[in-house]
There are 4 protein chains.
Amino acid sequence: MARGVNKVILIGNVGGDPETRYLPNGNAVTNITLATTDSWKDKQTGQPQERTEWHRVVFFGKLAEIAGQYLNKGSQVYVEGRLQTRKWQGQDGQDRYTTEIVVDQGGVMQMLGGRGNNEGGQRAPRDNGGYQQQAPQQQQQRPQQAPQQSAPQPQADYDSFDDDIPF
Amino acid sequence: MARGVNKVILIGNVGGDPETRYLPNGNAVTNITLATTDSWKDKQTGQPQERTEWHRVVFFGKLAEIAGQYLNKGSQVYVEGRLQTRKWQGQDGQDRYTTEIVVDQGGVMQMLGGRGNNEGGQRAPRDNGGYQQQAPQQQQQRPQQAPQQSAPQPQADYDSFDDDIPF
Amino acid sequence: MARGVNKVILIGNVGGDPETRYLPNGNAVTNITLATTDSWKDKQTGQPQERTEWHRVVFFGKLAEIAGQYLNKGSQVYVEGRLQTRKWQGQDGQDRYTTEIVVDQGGVMQMLGGRGNNEGGQRAPRDNGGYQQQAPQQQQQRPQQAPQQSAPQPQADYDSFDDDIPF
Amino acid sequence: MARGVNKVILIGNVGGDPETRYLPNGNAVTNITLATTDSWKDKQTGQPQERTEWHRVVFFGKLAEIAGQYLNKGSQVYVEGRLQTRKWQGQDGQDRYTTEIVVDQGGVMQMLGGRGNNEGGQRAPRDNGGYQQQAPQQQQQRPQQAPQQSAPQPQADYDSFDDDIPF
DNA sequence: TTTT
DNA sequence: TTTT
């Protein structure tokens, strides 16, 4: 049920350990940044060139839990999701926009590279400062409203991944 | 020649007539916005829901010329490109970031819907205020440097499509 | 839940009216052929060239019903599915293999071109020779076993679309 | 320049060492088989299920050389190409059809898994029975015609990868 | 700002 | 067998 197609396919390396938090309804949300690198030769000089693009990827639901458990900084991963731009308020009160790749029920996450990609499988749980993983309300820095939203269309009703990263 | 995959596939409707301009080297750059709409039923209430996502698409080179000539407001189009985030300066001097779908030599543009999608084919050339299309330097509002960039990786060394649109 | 990615994305024109039948469990299966055409210029002579590829697409479940109702000969359609090769017996007793694009729950079908693509919407139901659509057992030319298969992996436990078409 | 989209995206493991041969014009052609595996839980019984699909992938040109040099049995690889069905004669004189994923200039091949995926890089050249790699005419078991074909549309004017594999 |  |  849709008019149009909105699909993103990425293979890249995870920029840092995943950040998982939980919505009031208990659903997990995991954020990562993903680097894809293109390399080519300059047509004029023949010099090798390289450009790395950083992508914000946000997982919802079951994939958020898997991503939070099994991805590490450096993991190579295949991700299939959709583009979504959300609006937020800068400290100066001005509107900012952030474009993310949303990976939920209709999306795909595949860890690549087989054995060794994640040092034998599940990452040791990180220190989370004593907060309970299953009762994560205290992790939320800003008030959360009950989601008015049904599953297939999470409208970014979650805390921003990292307000310091400007895009 | 690349590490990673960075691919976007969109089918949507063009939000306005395309904007074409020309780089100092004569290469065309065309900007459009593209709407993709998802619809679904709310799991709780069963109510039909809808969400439209707007994408900034920028074409380079030959596809920029074709897009500029044949796309109209409302055209349905298939686009295959890659994600790229570019940095720009807000009027307050602060950094802003805009994520675009870049469609160049390695990308694809396909007009959909056959006859009738563009009212019989090529759009009448818009009034461009008397500027020459092939000598477009005067259209540039800001100084342009010579591109240090070879073809496959345009690094957004072009004027912003529309500074008023905040993302 | 998968190791690997198996994805096909097609935009093409439907070669004939869809063929819908029903499995013993009542699930619909719809077959179409889909033409995709590439055109290019011969590098030597500069002559325009063209090649049409025909694809066998098989829809399952809800999408099978929609495809059967709304697609026509000539319709332009976007299809996202996976490759699957099934084995069958030629009249000479030898094994033959047919590769199809399977579009089921995890797949996508999008009609393109808006109004007019299907002459105003739903096609008139074709004459089916007096068989009941919901009790289609008599349409099956060969004995059917109960499907041992759960939804996401239909293993071609359906009658062949058209034994005369050799691939 | 095309009407339609014909795209296949696969991530899988290579089933055997690649087979490279050379066309009369010196261009390389490399064949591999690629396994993609889906796993899911049976809806009725809850039992884990698994299905492996084997794909025939044929690389042309530069990617054929890279694939021939760097892929091994077991390598995990990302492949982007297009579907093509070619006709051939069975020993009984009957027409057979084989569907392949063609990866040429417009396609993509990416080795996955970083270091270790191919045991340190380039595979040792296999024994080729004393034939010269760059003068491969004697490797051809059947007469070859000069290709009447320009680059973007190789029409399978090469020897069959393996006549014993029936699809 | 598009489309159904 | 489709479409432009």
# chains A, B, ... in the order shown; residues from 1 in each chain; ligands from 1

$ select_by_dssp --residues "segment 50-109 of chain C" --states "alpha helix (DSSP H)" --output "list in words"
Lys62, Leu63, Ala64, Glu65, Ile66, Ala67, Gly68, Gln69 and Tyr70 of chain C

$ residues_around --residues "segment 6-10 of chain C" --least-positions-apart "3" --cutoff "7 Å" --atoms "only C-alpha atoms (C1' of nucleotides)" --output "PyMOL selection string"
(chain C and resi 78-83) or (chain D and resi 5-11+36)

$ interface_residues --of "chain C" --to "chain D" --cutoff "9 Å" --atoms "only C-alpha atoms" --output "ChimeraX atom specification"
/C:1-13,35-44,49-51,53-55,76,78,82-85,87,95-99,149-153,166-167

$ atom_distance --atom1 "atom CA of Val14 of chain D" --atom2 "atom CA of Gly107 of chain A"
25.0 Å

$ closest_residue --among "B:Gly61, B:Thr33, B:Ser75, B:Gly15" --to "Leu112 of chain C" --atoms "only C-alpha atoms"
B:Ser75

$ atom_distance --atom1 "atom CA of Glu65 of chain C" --atom2 "atom CA of Pro48 of chain D"
28.3 Å

$ residues_around --residues "Phe60 of chain B" --least-positions-apart "6" --cutoff "6 Å" --atoms "only C-alpha atoms (C1' of nucleotides)" --output "PDB file with N, CA and C atoms, in the first residue's frame"
ATOM      1  N   ALA B  28      25.785  20.626 -17.243  1.00  0.00           N
ATOM      2  CA  ALA B  28      24.482  20.973 -16.679  1.00  0.00           C
ATOM      3  C   ALA B  28      24.298  20.343 -15.303  1.00  0.00           C
ATOM      4  N   VAL B  29      23.558  21.038 -14.448  1.00  0.00           N
ATOM      5  CA  VAL B  29      23.132  20.545 -13.134  1.00  0.00           C
ATOM      6  C   VAL B  29      21.643  20.840 -13.016  1.00  0.00           C
ATOM      7  N   ASP B 104      24.283  10.895 -11.391  1.00  0.00           N
ATOM      8  CA  ASP B 104      25.207  11.291 -12.455  1.00  0.00           C
ATOM      9  C   ASP B 104      25.456  10.106 -13.380  1.00  0.00           C
TER      10      ASP B 104
END

$ residues_around --residues "Ala67 of chain A" --least-positions-apart "4" --cutoff "8 Å" --atoms "only C-alpha atoms (C1' of nucleotides)" --output "ChimeraX atom specification"
/A:18,30,59,63,71,109

$ atom_distance --atom1 "atom C1' of DT1 of chain F" --atom2 "atom CA of Trp88 of chain C"
22.6 Å
